[in-house]
Amino acid sequence: MSMEHSNEQDLQKAIKGYQKEAMVFKRSGSFLKYSRTLLLMGNAYLSLSKIREPEENLESAIKAYKGALRILTKKDYPMDHAAVQNNLGRAYSRLAQFRDKEDNIKLAIEAFKEALTMFTRKDHLAEFAVANENLGNAYLVLATVRDRKENLELAVQTYNEALTACTEESNSERHKRIMGILNIVRSRLKKEHS
C-alpha cells in the first residue's frame, strides 16, 4: 500500500513499527537498515501531515530524514541520499505553507538541488523529472515572497528541465501537469515584463 493513500490508523501503525525497528537496528549496529527505516518513517510522517497535525508531523518527518542522511551520505549511498534529499525538500515545502515560508522554501530548494546532483537526466530520468518539478514548485512559492521575476524565471527554467525527461509518451499525466503550470508561470512572467 502506498503511503500517499494510507489512512491515519495505517500510518500511525507504520510509524510505531518503524520506531521499534529503528531502535533494534540502531542497538544492533545495523546502521544502513536503521537509516533506511528512518527514511520510511519520514515518508509515513509526511503522509500523515496531510491528514492531521501538519506542522508536528512535518517536523517529525524532517527529523527522520536528517537522521537518515547521517548514514546515507552522498559519497557512500548516492541514490538513497538523493531520495532522502528529495523527500526532505517536499517536507520543507509543505512546512512553508504553515510557517517561516521563506526560510523553509529556501531549505526545500537546497534539498532539491542536492538531489539533482545525483538524479541526472542521463542515469535517472524519472527521478530527474520529479526533482525538477519539485524544484520548480519551490521557486514558484519563493516568487510569492521575494524576487518575483527572478524566481518565476527559475521556475520556468526548472520546469523545462523536467520536461526534457518527462515526455508526453513517457508520463502523459506529469507532462500535462507541468505544461499547465508552465503556461501559467509564463503568462505571469509576461505581465512582469510589460
# chains A, B, ... in the order shown; residues from 1 in each chain; ligands from 1
call {"tool": "residues_around", "arguments": {"residues": "Gly67 (chain A)", "least_positions_apart": "2", "cutoff": "12 Å", "atoms": "only C-alpha atoms", "output": "PDB file with N, CA and C atoms, in the first residue's frame"}}
result
ATOM      1  N   ALA A  22      13.701   0.805  14.103  1.00  0.00           N
ATOM      2  CA  ALA A  22      14.854   1.708  14.142  1.00  0.00           C
ATOM      3  C   ALA A  22      15.662   1.494  15.413  1.00  0.00           C
ATOM      4  N   LYS A  26      19.454   0.200  15.406  1.00  0.00           N
ATOM      5  CA  LYS A  26      20.472   1.076  15.989  1.00  0.00           C
ATOM      6  C   LYS A  26      21.261   0.340  17.068  1.00  0.00           C
ATOM      7  N   PHE A  31      23.413   0.002  10.901  1.00  0.00           N
ATOM      8  CA  PHE A  31      23.138   1.410  10.633  1.00  0.00           C
ATOM      9  C   PHE A  31      22.512   1.672   9.265  1.00  0.00           C
ATOM     10  N   LEU A  32      22.828   0.846   8.277  1.00  0.00           N
ATOM     11  CA  LEU A  32      22.202   1.029   6.967  1.00  0.00           C
ATOM     12  C   LEU A  32      20.700   0.735   7.067  1.00  0.00           C
ATOM     13  N   TYR A  34      18.973   0.869   9.771  1.00  0.00           N
ATOM     14  CA  TYR A  34      18.455   1.921  10.641  1.00  0.00           C
ATOM     15  C   TYR A  34      18.117   3.172   9.820  1.00  0.00           C
ATOM     16  N   SER A  35      19.043   3.599   8.983  1.00  0.00           N
ATOM     17  CA  SER A  35      18.828   4.817   8.210  1.00  0.00           C
ATOM     18  C   SER A  35      17.718   4.641   7.186  1.00  0.00           C
ATOM     19  N   ARG A  36      17.637   3.479   6.578  1.00  0.00           N
ATOM     20  CA  ARG A  36      16.552   3.247   5.604  1.00  0.00           C
ATOM     21  C   ARG A  36      15.197   3.177   6.308  1.00  0.00           C
ATOM     22  N   THR A  37      15.189   2.714   7.530  1.00  0.00           N
ATOM     23  CA  THR A  37      13.951   2.714   8.322  1.00  0.00           C
ATOM     24  C   THR A  37      13.545   4.147   8.656  1.00  0.00           C
ATOM     25  N   LEU A  38      14.535   4.989   8.946  1.00  0.00           N
ATOM     26  CA  LEU A  38      14.240   6.406   9.194  1.00  0.00           C
ATOM     27  C   LEU A  38      13.641   7.065   7.954  1.00  0.00           C
ATOM     28  N   LEU A  39      14.134   6.693   6.784  1.00  0.00           N
ATOM     29  CA  LEU A  39      13.572   7.222   5.537  1.00  0.00           C
ATOM     30  C   LEU A  39      12.093   6.833   5.421  1.00  0.00           C
ATOM     31  N   LEU A  40      11.790   5.569   5.676  1.00  0.00           N
ATOM     32  CA  LEU A  40      10.399   5.104   5.610  1.00  0.00           C
ATOM     33  C   LEU A  40       9.536   5.797   6.662  1.00  0.00           C
ATOM     34  N   MET A  41      10.097   5.984   7.843  1.00  0.00           N
ATOM     35  CA  MET A  41       9.377   6.673   8.909  1.00  0.00           C
ATOM     36  C   MET A  41       9.088   8.122   8.491  1.00  0.00           C
ATOM     37  N   GLY A  42      10.071   8.770   7.901  1.00  0.00           N
ATOM     38  CA  GLY A  42       9.877  10.137   7.415  1.00  0.00           C
ATOM     39  C   GLY A  42       8.762  10.198   6.377  1.00  0.00           C
ATOM     40  N   SER A  60       8.522  15.984  12.475  1.00  0.00           N
ATOM     41  CA  SER A  60       8.966  14.598  12.714  1.00  0.00           C
ATOM     42  C   SER A  60       9.547  13.993  11.439  1.00  0.00           C
ATOM     43  N   ALA A  61       8.940  14.290  10.279  1.00  0.00           N
ATOM     44  CA  ALA A  61       9.465  13.794   9.002  1.00  0.00           C
ATOM     45  C   ALA A  61      10.858  14.360   8.761  1.00  0.00           C
ATOM     46  N   ILE A  62      11.010  15.658   8.971  1.00  0.00           N
ATOM     47  CA  ILE A  62      12.305  16.314   8.748  1.00  0.00           C
ATOM     48  C   ILE A  62      13.370  15.728   9.669  1.00  0.00           C
ATOM     49  N   LYS A  63      13.004  15.511  10.915  1.00  0.00           N
ATOM     50  CA  LYS A  63      13.948  14.917  11.874  1.00  0.00           C
ATOM     51  C   LYS A  63      14.371  13.517  11.423  1.00  0.00           C
ATOM     52  N   ALA A  64      13.416  12.722  10.958  1.00  0.00           N
ATOM     53  CA  ALA A  64      13.727  11.368  10.488  1.00  0.00           C
ATOM     54  C   ALA A  64      14.636  11.422   9.255  1.00  0.00           C
ATOM     55  N   TYR A  65      14.317  12.306   8.305  1.00  0.00           N
ATOM     56  CA  TYR A  65      15.143  12.418   7.101  1.00  0.00           C
ATOM     57  C   TYR A  65      16.562  12.860   7.438  1.00  0.00           C
ATOM     58  N   LEU A  69      20.094  10.888   6.743  1.00  0.00           N
ATOM     59  CA  LEU A  69      21.205  11.477   5.984  1.00  0.00           C
ATOM     60  C   LEU A  69      22.549  11.363   6.696  1.00  0.00           C
ATOM     61  N   ARG A  70      22.527  11.156   8.000  1.00  0.00           N
ATOM     62  CA  ARG A  70      23.794  10.984   8.725  1.00  0.00           C
ATOM     63  C   ARG A  70      24.522   9.728   8.261  1.00  0.00           C
ATOM     64  N   ILE A  71      23.762   8.717   7.840  1.00  0.00           N
ATOM     65  CA  ILE A  71      24.367   7.466   7.374  1.00  0.00           C
ATOM     66  C   ILE A  71      24.343   7.376   5.854  1.00  0.00           C
ATOM     67  N   LEU A  72      23.236   7.793   5.264  1.00  0.00           N
ATOM     68  CA  LEU A  72      23.075   7.711   3.806  1.00  0.00           C
ATOM     69  C   LEU A  72      23.752   8.918   3.164  1.00  0.00           C
ATOM     70  N   THR A  73      25.069   8.909   3.193  1.00  0.00           N
ATOM     71  CA  THR A  73      25.836  10.035   2.669  1.00  0.00           C
ATOM     72  C   THR A  73      25.886   9.985   1.147  1.00  0.00           C
ATOM     73  N   HIS A  81      20.750   8.775  -0.736  1.00  0.00           N
ATOM     74  CA  HIS A  81      20.946  10.168  -0.308  1.00  0.00           C
ATOM     75  C   HIS A  81      20.049  11.102  -1.117  1.00  0.00           C
ATOM     76  N   VAL A  84      16.348  10.713  -0.140  1.00  0.00           N
ATOM     77  CA  VAL A  84      16.064  11.378   1.135  1.00  0.00           C
ATOM     78  C   VAL A  84      16.024  12.892   0.929  1.00  0.00           C
ATOM     79  N   GLN A  85      16.979  13.418   0.164  1.00  0.00           N
ATOM     80  CA  GLN A  85      17.012  14.869  -0.076  1.00  0.00           C
ATOM     81  C   GLN A  85      15.735  15.330  -0.777  1.00  0.00           C
ATOM     82  N   LEU A  88      13.036  15.273   1.794  1.00  0.00           N
ATOM     83  CA  LEU A  88      13.287  16.356   2.743  1.00  0.00           C
ATOM     84  C   LEU A  88      12.811  17.684   2.136  1.00  0.00           C
TER      85      LEU A  88
END
call {"tool": "residues_around", "arguments": {"residues": "region 95-107 of chain A", "least_positions_apart": "6", "cutoff": "7 Å", "atoms": "only C-alpha atoms", "output": "PDB file with C-alpha atoms, in the first residue's frame"}}
result
ATOM      1  CA  GLU A  55       3.367  21.058  11.464  1.00  0.00           C
ATOM      2  CA  LEU A  58       6.333  17.570   9.155  1.00  0.00           C
ATOM      3  CA  GLY A  89      12.624  19.078   0.193  1.00  0.00           C
ATOM      4  CA  ALA A 138       9.537  25.659  -4.739  1.00  0.00           C
ATOM      5  CA  LEU A 142       9.649  31.718  -3.299  1.00  0.00           C
ATOM      6  CA  VAL A 145       7.914  36.116  -1.065  1.00  0.00           C
TER       7      VAL A 145
END
call {"tool": "select_by_dssp", "arguments": {"residues": "chain A", "states": "helix (DSSP H, G or I)", "output": "count of residues only"}}
result
153
call {"tool": "residues_around", "arguments": {"residues": "Ser47 (chain A)", "least_positions_apart": "6", "cutoff": "12 Å", "atoms": "only C-alpha atoms", "output": "mmCIF file with N, CA and C atoms, in the first residue's frame"}}
result
data_model
loop_
_atom_site.group_PDB
_atom_site.id
_atom_site.type_symbol
_atom_site.label_atom_id
_atom_site.label_comp_id
_atom_site.auth_asym_id
_atom_site.auth_seq_id
_atom_site.Cartn_x
_atom_site.Cartn_y
_atom_site.Cartn_z
ATOM 1 N N SER A 2 0.566 2.188 -0.881
ATOM 2 C CA SER A 2 1.309 3.437 -0.969
ATOM 3 C C SER A 2 1.023 4.310 0.249
ATOM 4 N N MET A 3 2.083 4.933 0.763
ATOM 5 C CA MET A 3 1.918 5.828 1.912
ATOM 6 C C MET A 3 1.019 7.005 1.556
ATOM 7 N N GLU A 4 1.029 7.416 0.286
ATOM 8 C CA GLU A 4 0.238 8.566 -0.133
ATOM 9 C C GLU A 4 -1.251 8.325 0.072
ATOM 10 N N HIS A 5 -1.703 7.071 -0.029
ATOM 11 C CA HIS A 5 -3.134 6.773 0.036
ATOM 12 C C HIS A 5 -3.515 6.009 1.301
ATOM 13 N N SER A 6 -2.665 6.010 2.284
ATOM 14 C CA SER A 6 -2.939 5.300 3.526
ATOM 15 C C SER A 6 -3.859 6.116 4.411
ATOM 16 N N ASN A 7 -4.562 5.415 5.275
ATOM 17 C CA ASN A 7 -5.394 6.154 6.218
ATOM 18 C C ASN A 7 -4.604 6.422 7.501
ATOM 19 N N GLU A 8 -5.180 7.228 8.356
ATOM 20 C CA GLU A 8 -4.492 7.674 9.566
ATOM 21 C C GLU A 8 -4.051 6.506 10.442
ATOM 22 N N GLN A 9 -4.935 5.539 10.658
ATOM 23 C CA GLN A 9 -4.587 4.401 11.524
ATOM 24 C C GLN A 9 -3.430 3.594 10.950
ATOM 25 N N ASP A 10 -3.449 3.351 9.634
ATOM 26 C CA ASP A 10 -2.363 2.602 8.998
ATOM 27 C C ASP A 10 -1.036 3.339 9.148
ATOM 28 N N LEU A 11 -1.083 4.646 8.969
ATOM 29 C CA LEU A 11 0.139 5.437 9.085
ATOM 30 C C LEU A 11 0.679 5.437 10.511
ATOM 31 N N GLN A 12 -0.208 5.592 11.484
ATOM 32 C CA GLN A 12 0.239 5.576 12.879
ATOM 33 C C GLN A 12 0.832 4.214 13.243
ATOM 34 N N ALA A 14 2.219 2.125 11.118
ATOM 35 C CA ALA A 14 3.501 2.032 10.410
ATOM 36 C C ALA A 14 4.587 2.792 11.166
ATOM 37 N N ILE A 15 4.264 3.989 11.632
ATOM 38 C CA ILE A 15 5.248 4.803 12.355
ATOM 39 C C ILE A 15 5.714 4.087 13.617
ATOM 40 N N LEU A 40 11.790 5.569 5.676
ATOM 41 C CA LEU A 40 10.399 5.104 5.610
ATOM 42 C C LEU A 40 9.536 5.797 6.662
ATOM 43 N N MET A 41 10.097 5.984 7.843
ATOM 44 C CA MET A 41 9.377 6.673 8.909
ATOM 45 C C MET A 41 9.088 8.122 8.491
ATOM 46 N N GLU A 53 -2.444 17.283 12.168
ATOM 47 C CA GLU A 53 -1.293 17.921 12.812
ATOM 48 C C GLU A 53 -0.122 18.110 11.839
ATOM 49 N N PRO A 54 -0.355 18.897 10.791
ATOM 50 C CA PRO A 54 0.669 19.009 9.754
ATOM 51 C C PRO A 54 2.032 19.486 10.252
ATOM 52 N N ASN A 57 3.807 16.753 12.409
ATOM 53 C CA ASN A 57 4.215 15.591 11.616
ATOM 54 C C ASN A 57 5.298 15.940 10.602
ATOM 55 N N LEU A 58 5.268 17.145 10.070
ATOM 56 C CA LEU A 58 6.333 17.570 9.155
ATOM 57 C C LEU A 58 7.658 17.713 9.900
ATOM 58 N N SER A 60 8.522 15.984 12.475
ATOM 59 C CA SER A 60 8.966 14.598 12.714
ATOM 60 C C SER A 60 9.547 13.993 11.439
ATOM 61 N N ALA A 61 8.940 14.290 10.279
ATOM 62 C CA ALA A 61 9.465 13.794 9.002
ATOM 63 C C ALA A 61 10.858 14.360 8.761
ATOM 64 N N ASN A 87 12.767 13.959 -0.637
ATOM 65 C CA ASN A 87 11.661 13.913 0.326
ATOM 66 C C ASN A 87 11.812 14.982 1.407
ATOM 67 N N ARG A 90 10.462 18.028 -0.047
ATOM 68 C CA ARG A 90 8.991 18.005 -0.030
ATOM 69 C C ARG A 90 8.463 18.391 1.346
ATOM 70 N N ALA A 91 9.111 17.890 2.396
ATOM 71 C CA ALA A 91 8.664 18.203 3.756
ATOM 72 C C ALA A 91 8.844 19.698 4.058
ATOM 73 N N ARG A 94 6.231 21.743 2.193
ATOM 74 C CA ARG A 94 4.920 21.669 2.843
ATOM 75 C C ARG A 94 4.902 22.500 4.126
#
call {"tool": "atom_distance", "arguments": {"atom1": "CA of Leu154 (chain A)", "atom2": "CA of Lys113 (chain A)"}}
result
12.4 Å
call {"tool": "closest_residue", "arguments": {"among": "A:Leu116, A:Leu152, A:Ile51, A:Ala108", "to": "Arg186 (chain A)", "atoms": "only C-alpha atoms"}}
result
A:Leu152
call {"tool": "closest_residue", "arguments": {"among": "A:Thr117, A:Asn132, A:Tyr18, A:Leu48", "to": "Arg174 (chain A)", "atoms": "only C-alpha atoms"}}
result
A:Asn132
call {"tool": "residues_around", "arguments": {"residues": "Ala115 (chain A)", "least_positions_apart": "2", "cutoff": "7 Å", "atoms": "only C-alpha atoms", "output": "VMD selection string"}}
result
chain A and resid 82 to 83 85 to 86 111 to 113 117 to 119
call {"tool": "write_last_selection", "arguments": {"atoms": "C-alpha atoms", "output": "PDB file, in the first residue's frame"}}
result
ATOM      1  CA  ALA A  82      19.201  11.742  -3.295  1.00  0.00           C
ATOM      2  CA  ALA A  83      15.868  10.093  -2.435  1.00  0.00           C
ATOM      3  CA  GLN A  85      17.012  14.869  -0.076  1.00  0.00           C
ATOM      4  CA  ASN A  86      14.040  14.950  -2.458  1.00  0.00           C
ATOM      5  CA  ALA A 111      17.447  19.820  -0.750  1.00  0.00           C
ATOM      6  CA  PHE A 112      16.027  19.514  -4.289  1.00  0.00           C
ATOM      7  CA  LYS A 113      19.249  20.886  -5.780  1.00  0.00           C
ATOM      8  CA  THR A 117      23.373  16.361  -8.188  1.00  0.00           C
ATOM      9  CA  MET A 118      22.710  12.606  -8.237  1.00  0.00           C
ATOM     10  CA  PHE A 119      19.411  12.323 -10.117  1.00  0.00           C
TER      11      PHE A 119
END
call {"tool": "residues_around", "arguments": {"residues": "Arg177 (chain A)", "least_positions_apart": "5", "cutoff": "10 Å", "atoms": "only C-alpha atoms", "output": "ChimeraX atom specification"}}
result
/A:133,172,182
call {"tool": "write_last_selection", "arguments": {"atoms": "C-alpha atoms", "output": "mmCIF file, in the first residue's frame"}}
result
data_model
loop_
_atom_site.group_PDB
_atom_site.id
_atom_site.type_symbol
_atom_site.label_atom_id
_atom_site.label_comp_id
_atom_site.auth_asym_id
_atom_site.auth_seq_id
_atom_site.Cartn_x
_atom_site.Cartn_y
_atom_site.Cartn_z
ATOM 1 C CA GLU A 133 9.167 19.568 -10.899
ATOM 2 C CA SER A 172 1.442 11.916 -20.013
ATOM 3 C CA LEU A 182 4.449 26.260 -17.108
#
call {"tool": "atom_distance", "arguments": {"atom1": "CA of Gly136 (chain A)", "atom2": "CA of Tyr159 (chain A)"}}
result
5.7 Å
call {"tool": "atom_distance", "arguments": {"atom1": "CA of Asn183 (chain A)", "atom2": "CA of Ala126 (chain A)"}}
result
21.7 Å
call {"tool": "closest_residue", "arguments": {"among": "A:Lys66, A:Arg188, A:Arg52, A:Lys13", "to": "Asn151 (chain A)", "atoms": "only C-alpha atoms"}}
result
A:Arg188
